[in-house]
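Undergrad: My questions all concern the structure below.
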Amino acid sequence: MPVLELRDISKNFGAIQALTDVSFSIESGEVVGLMGDNGAGKSTLVKVMAGNYPPSHGTMHVAGEQVHFHRPIEAREKGIEVVYQDLALCNNLTAAANVFLGREVHKGMGPLQVLDYAAMYRRAAELFKELKSETRPRDLVKDMSGGQRQAVAIARTRLSNPRIVLMDEPTAAISVRQVAEVLNLIRRLRDQMIAVVLISHRMPDVFAVSDRIVVLRRGRKVADKKISQSSPEEVTGLITGAIEGVR
Amino acid sequence: MAISIDDTLNQRSHGVLGWLFSRQTFWVFIAAVLACLALSLMTDTFATPQNLFNVTRNFAFVGIIALGMTAVIVAGGIDLSVGSILCLSAMVVGTLMSWGHSIWIACLAAIFCALLVGFINGVLIAYIKIPAFVVTLGMLSVARSLAMVLSNNKMVYQFGPDQAKLLWLGGGTTFDIANPVLVLAALAAFTGFAFRWTTWGRHLFAIGGNEQAAVLTGVPVRHMKISVYMFSALTAGIAGILEVGWLGGVTTNLGQGMELSVIAAAVIGGANLAGGVGTAFGAVVGAALIEVIRNSLILLGISTFWQGSFVGTFIVIAVGFDYLRRYRQSD
């Protein structure tokens, strides 16, 4: 059974048709690359899955159960976590503080509750170790490399044992060496049977890590095929419209 | 030699000394201590119990409000209305007591008024999203005007049956320490604790660091903003009550321009107006340093007209020093 399934999702903003009858599904432990030019509807589709917008038409199913999200928190409760393009990190806080932001761990009794620093450092260190990232929980995020920042943002999604992680352009603004680090992080998630939707412009990154690729053009799905049966040239053609849709 | 990932993960980024040296608050504290030492050697009037008593009491009022202001600044905001809230709170206490009410009722009413003003500030800033600078600038005007309406712009100096208690509260001592100083110490300890050990404090720093991130991660940003403006108003309200007791009378120009001294104290103490940085200890040290500068000019026989120049220069030096240090680090 697919962990997430979209059936005929459409989304319009007034007269603007952002998505038209998009269907796709993703299994546990699968990495799907979602590609398309600017304005193709990638961001809208992610926001529908993340609960930022309700779809105009169509249904979504998480592990076979139909869901209706009105707010991001509801998507999170169903096990859908998002790594935002700008990572949503606070530079002035430590890595551990960022991982636990909004979900702090407390100790104490009754109304006397204080932050449990030791527990948060310990758990954050475990998460970074799982991700095989050399990120120190006590370091401030402002002193970190792009790859370490990604690790912090991804570790945050791991707090709740998610089923699906949506990653919006994780390799857009970082150096080549750090890209390799981020792709490894995605493989770690996959190894733990988490489904990953990777939204990216960067063809080599998508081909390096994805099992399957979905291409959007002008709000419609024009391709959905295994990486092994496609090529960067074909995908470029699909994105630009040089090749019509393949079914 | 191989370093395992565990060693790396558990390593602290720098030692206690490195951490201290990287703090603006630490250097300002050192400057304040050096200034006190120099004054003790240069004059025989500084290190007298009476002068130290005066100095500490004088900065207590600014220090108390600087704690609230630091919380606001940490969350990326600013509160220009504190001087007027202080005046309003002082006037509510004075007027109610002059009508014969007990000190308890008067103080509770004053605190309630201050909190209400802070609540209105917070709602306008958090829900209607008017910039904090504009909202609190408007409140600066409104709160002082309300104090004028309440008192008919007359001085209040008769405080009814509980007059002695009020004068003791602001002007008296406990264990030879001025009461406002004790209140400052208690509030500073409370604020410092809240900053470091509570979710409220953690969320405050998160909002100041990256408000959008705080929203996305589920921090109740709007409630936090309301609470922080209420906290700042509360500190101004408490300072107002103490100041009436100390002065023994209240006029509607009480606390005029005080918001600037308070912001100066917070900024000298290391609060960053861009948000996300600041400490309770820094607020107290900043307020103390301004008062020590003022006091030293008087004791050294320098005209008090120079005071503004010295304080202003110090604001720029304290913040500029921090920028210079970071500039060097990034090289």
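Within each chain, counting starts at residue 1; across the structure tokens, chains are named A, B, ... in the order shown, with ligands numbered 1 upward in that order.
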Could you list, as a list in words, the residues of chain A having an atom within 8 Å of chain B when counting only C-alpha atoms?
TA: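 Per the criterion, chain A yields Ile73, Leu87, Ala88, Leu89, Cys90, Asn91, Asn92, Leu93, Leu101, Gly102, Glu104, Gln113, Val114, Leu115, Ala125, Phe128, Lys129, Lys132, Glu134, Thr135, Arg136, Pro137, Arg138 and Asp139 of chain A.
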Undergrad: Can those selected residues be exported to a file as a tab-separated table (two decimals), in the first residue's frame so that it contains N, CA and C atoms?
TA:
```tsv
chain	number	residue	atom	x	y	z
A	73	ILE	N	0.11	21.73	10.90
A	73	ILE	CA	0.22	20.87	12.08
A	73	ILE	C	-0.54	19.56	11.89
A	87	LEU	N	15.22	26.32	5.29
A	87	LEU	CA	15.50	25.45	6.44
A	87	LEU	C	14.80	25.85	7.73
A	88	ALA	N	14.30	27.08	7.82
A	88	ALA	CA	13.60	27.54	9.03
A	88	ALA	C	14.43	27.30	10.29
A	89	LEU	N	15.67	27.78	10.28
A	89	LEU	CA	16.55	27.64	11.44
A	89	LEU	C	16.77	29.00	12.09
A	90	CYS	N	16.98	28.99	13.40
A	90	CYS	CA	17.34	30.22	14.11
A	90	CYS	C	18.86	30.22	14.32
A	91	ASN	N	19.54	31.17	13.69
A	91	ASN	CA	21.00	31.22	13.75
A	91	ASN	C	21.54	31.44	15.15
A	92	ASN	N	20.74	32.10	15.99
A	92	ASN	CA	21.25	32.46	17.32
A	92	ASN	C	21.07	31.34	18.33
A	93	LEU	N	20.49	30.22	17.92
A	93	LEU	CA	20.29	29.11	18.85
A	93	LEU	C	21.21	27.94	18.49
A	101	LEU	N	12.89	22.94	18.57
A	101	LEU	CA	12.10	24.18	18.59
A	101	LEU	C	10.61	23.87	18.42
A	102	GLY	N	9.81	24.36	19.37
A	102	GLY	CA	8.37	24.10	19.33
A	102	GLY	C	7.99	22.76	19.94
A	104	GLU	N	9.96	21.35	22.79
A	104	GLU	CA	10.99	21.27	23.83
A	104	GLU	C	10.68	20.15	24.83
A	113	GLN	N	8.26	23.52	35.63
A	113	GLN	CA	8.84	22.78	34.53
A	113	GLN	C	10.00	23.58	33.96
A	114	VAL	N	11.17	22.96	33.87
A	114	VAL	CA	12.29	23.65	33.23
A	114	VAL	C	12.76	22.84	32.03
A	115	LEU	N	13.46	23.53	31.11
A	115	LEU	CA	13.99	22.86	29.92
A	115	LEU	C	14.99	21.79	30.35
A	125	ALA	N	22.18	14.49	19.68
A	125	ALA	CA	23.42	13.79	19.31
A	125	ALA	C	23.09	12.44	18.68
A	128	PHE	N	21.92	13.06	15.10
A	128	PHE	CA	23.01	13.40	14.19
A	128	PHE	C	23.86	12.17	13.89
A	129	LYS	N	23.99	11.30	14.89
A	129	LYS	CA	24.78	10.09	14.69
A	129	LYS	C	24.08	9.18	13.68
A	132	LYS	N	24.78	10.22	10.47
A	132	LYS	CA	26.24	10.21	10.25
A	132	LYS	C	26.74	11.60	9.89
A	134	GLU	N	28.61	15.07	11.30
A	134	GLU	CA	29.43	15.59	12.38
A	134	GLU	C	28.91	16.96	12.79
A	135	THR	N	27.77	16.96	13.42
A	135	THR	CA	27.16	18.20	13.88
A	135	THR	C	27.07	18.14	15.39
A	136	ARG	N	27.65	19.14	16.04
A	136	ARG	CA	27.65	19.13	17.50
A	136	ARG	C	26.41	19.83	18.03
A	137	PRO	N	25.65	19.15	18.90
A	137	PRO	CA	24.39	19.70	19.40
A	137	PRO	C	24.54	21.05	20.09
A	138	ARG	N	25.74	21.31	20.68
A	138	ARG	CA	25.93	22.55	21.45
A	138	ARG	C	26.37	23.71	20.59
A	139	ASP	N	26.70	23.48	19.32
A	139	ASP	CA	27.17	24.57	18.47
A	139	ASP	C	26.02	25.46	18.01
```
Undergrad: As number ranges by chain, please: all residues of range 45-235 of chain A that backbone DSSP puts in alpha helix (DSSP H).
TA: A: 45-49, 72-77, 95-99, 117-130, 146-158, 176-191, 203-209, 232-235
Undergrad: Pull C-alpha atoms from the residues just selected and write them as a PDB file, in the first residue's frame.
TA:
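Output contents, as saved in part_29.pdb:
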```pdb
ATOM      1  CA  LEU A  45       1.947  20.593  -4.857  1.00  0.00           C
ATOM      2  CA  VAL A  46       4.318  20.513  -1.879  1.00  0.00           C
ATOM      3  CA  LYS A  47       2.169  23.027  -0.038  1.00  0.00           C
ATOM      4  CA  VAL A  48      -0.926  20.918  -0.667  1.00  0.00           C
ATOM      5  CA  MET A  49       0.847  17.837   0.718  1.00  0.00           C
ATOM      6  CA  PRO A  72       0.510  22.273   8.554  1.00  0.00           C
ATOM      7  CA  ILE A  73       0.223  20.870  12.083  1.00  0.00           C
ATOM      8  CA  GLU A  74      -2.417  18.397  10.865  1.00  0.00           C
ATOM      9  CA  ALA A  75      -0.099  17.094   8.159  1.00  0.00           C
ATOM     10  CA  ARG A  76       2.626  16.763  10.756  1.00  0.00           C
ATOM     11  CA  GLU A  77       0.311  14.711  12.969  1.00  0.00           C
ATOM     12  CA  ALA A  95      21.698  22.872  16.911  1.00  0.00           C
ATOM     13  CA  ALA A  96      19.820  21.031  19.666  1.00  0.00           C
ATOM     14  CA  ALA A  97      17.592  24.050  20.391  1.00  0.00           C
ATOM     15  CA  ASN A  98      16.675  24.205  16.710  1.00  0.00           C
ATOM     16  CA  VAL A  99      15.933  20.491  16.502  1.00  0.00           C
ATOM     17  CA  TYR A 117      19.056  20.544  28.342  1.00  0.00           C
ATOM     18  CA  ALA A 118      20.782  17.209  28.991  1.00  0.00           C
ATOM     19  CA  ALA A 119      17.984  15.164  27.420  1.00  0.00           C
ATOM     20  CA  MET A 120      17.782  17.441  24.384  1.00  0.00           C
ATOM     21  CA  TYR A 121      21.575  17.383  23.799  1.00  0.00           C
ATOM     22  CA  ARG A 122      21.572  13.605  24.146  1.00  0.00           C
ATOM     23  CA  ARG A 123      18.681  13.002  21.749  1.00  0.00           C
ATOM     24  CA  ALA A 124      20.015  15.521  19.215  1.00  0.00           C
ATOM     25  CA  ALA A 125      23.415  13.788  19.313  1.00  0.00           C
ATOM     26  CA  GLU A 126      21.685  10.443  18.635  1.00  0.00           C
ATOM     27  CA  LEU A 127      19.842  11.884  15.664  1.00  0.00           C
ATOM     28  CA  PHE A 128      23.015  13.405  14.186  1.00  0.00           C
ATOM     29  CA  LYS A 129      24.779  10.092  14.686  1.00  0.00           C
ATOM     30  CA  GLU A 130      21.993   8.260  12.845  1.00  0.00           C
ATOM     31  CA  GLY A 146      25.453  24.385   4.754  1.00  0.00           C
ATOM     32  CA  GLY A 147      25.564  20.597   5.091  1.00  0.00           C
ATOM     33  CA  GLN A 148      25.380  20.747   8.873  1.00  0.00           C
ATOM     34  CA  ARG A 149      22.435  23.129   8.658  1.00  0.00           C
ATOM     35  CA  GLN A 150      20.649  20.617   6.444  1.00  0.00           C
ATOM     36  CA  ALA A 151      21.411  17.935   9.009  1.00  0.00           C
ATOM     37  CA  VAL A 152      19.807  20.075  11.720  1.00  0.00           C
ATOM     38  CA  ALA A 153      16.697  20.661   9.600  1.00  0.00           C
ATOM     39  CA  ILE A 154      16.463  16.948   8.742  1.00  0.00           C
ATOM     40  CA  ALA A 155      17.105  15.835  12.330  1.00  0.00           C
ATOM     41  CA  ARG A 156      14.134  17.978  13.309  1.00  0.00           C
ATOM     42  CA  THR A 157      11.857  15.919  11.043  1.00  0.00           C
ATOM     43  CA  ARG A 158      13.175  12.711  12.654  1.00  0.00           C
ATOM     44  CA  VAL A 176      29.436  20.903  -4.191  1.00  0.00           C
ATOM     45  CA  ARG A 177      31.021  19.053  -1.268  1.00  0.00           C
ATOM     46  CA  GLN A 178      28.026  19.801   0.920  1.00  0.00           C
ATOM     47  CA  VAL A 179      25.640  18.569  -1.769  1.00  0.00           C
ATOM     48  CA  ALA A 180      27.206  15.122  -1.438  1.00  0.00           C
ATOM     49  CA  GLU A 181      26.629  15.328   2.314  1.00  0.00           C
ATOM     50  CA  VAL A 182      22.961  16.212   1.838  1.00  0.00           C
ATOM     51  CA  LEU A 183      22.416  13.410  -0.672  1.00  0.00           C
ATOM     52  CA  ASN A 184      23.850  11.021   1.923  1.00  0.00           C
ATOM     53  CA  LEU A 185      21.378  12.366   4.472  1.00  0.00           C
ATOM     54  CA  ILE A 186      18.547  11.578   2.047  1.00  0.00           C
ATOM     55  CA  ARG A 187      19.870   8.014   1.654  1.00  0.00           C
ATOM     56  CA  ARG A 188      19.902   7.652   5.462  1.00  0.00           C
ATOM     57  CA  LEU A 189      16.235   8.620   5.582  1.00  0.00           C
ATOM     58  CA  ARG A 190      15.428   6.114   2.831  1.00  0.00           C
ATOM     59  CA  ASP A 191      17.325   3.367   4.694  1.00  0.00           C
ATOM     60  CA  MET A 203      19.258  17.275 -12.456  1.00  0.00           C
ATOM     61  CA  PRO A 204      22.444  15.486 -11.240  1.00  0.00           C
ATOM     62  CA  ASP A 205      21.236  15.509  -7.628  1.00  0.00           C
ATOM     63  CA  VAL A 206      17.851  14.071  -8.530  1.00  0.00           C
ATOM     64  CA  PHE A 207      19.417  11.335 -10.663  1.00  0.00           C
ATOM     65  CA  ALA A 208      21.976  10.545  -7.956  1.00  0.00           C
ATOM     66  CA  VAL A 209      19.487   9.748  -5.231  1.00  0.00           C
ATOM     67  CA  PRO A 232      18.677  13.657 -17.991  1.00  0.00           C
ATOM     68  CA  GLU A 233      18.184  14.544 -21.649  1.00  0.00           C
ATOM     69  CA  GLU A 234      14.667  13.132 -21.657  1.00  0.00           C
ATOM     70  CA  VAL A 235      13.762  14.883 -18.398  1.00  0.00           C
TER      71      VAL A 235
END
```
Undergrad: Identify, on the basis of only C-alpha atoms, every residue whose closest approach to Arg217 in chain A does not exceed 7 Å; exclude the query and any residue fewer than 2 positions from it along the same chain; express the result as a ChimeraX atom specification.
TA: /A:36,40,215,219-222,239
Undergrad: Can I get the selection written as an mmCIF file, in the first residue's frame, with C-alpha atoms?
TA:
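Contents of the output file out_11.cif:
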```cif
data_model
loop_
_atom_site.group_PDB
_atom_site.id
_atom_site.type_symbol
_atom_site.label_atom_id
_atom_site.label_comp_id
_atom_site.auth_asym_id
_atom_site.auth_seq_id
_atom_site.Cartn_x
_atom_site.Cartn_y
_atom_site.Cartn_z
ATOM 1 C CA GLY A 36 9.601 21.089 -13.217
ATOM 2 C CA ALA A 40 5.236 24.391 -13.088
ATOM 3 C CA VAL A 215 7.835 15.853 -13.935
ATOM 4 C CA GLY A 219 0.367 22.266 -13.530
ATOM 5 C CA ARG A 220 0.065 18.813 -15.125
ATOM 6 C CA LYS A 221 2.029 15.660 -14.521
ATOM 7 C CA VAL A 222 3.804 14.870 -17.795
ATOM 8 C CA ILE A 239 10.479 19.984 -18.337
#
```
Undergrad: If DSSP is run on the backbone, what residues of range 11-183 of chain A are strand (DSSP E)? A reply as a ChimeraX atom specification would be ideal.
TA: /A:11-13,16-26,31-35,57-62,65-67,80-83,106-109,112-115,164-168
Undergrad: Between B:Ala132, B:Met224, B:Ala233, B:Ala147, which is the closest to Gly118 in chain B once you count only C-alpha atoms?
TA: B:Ala233
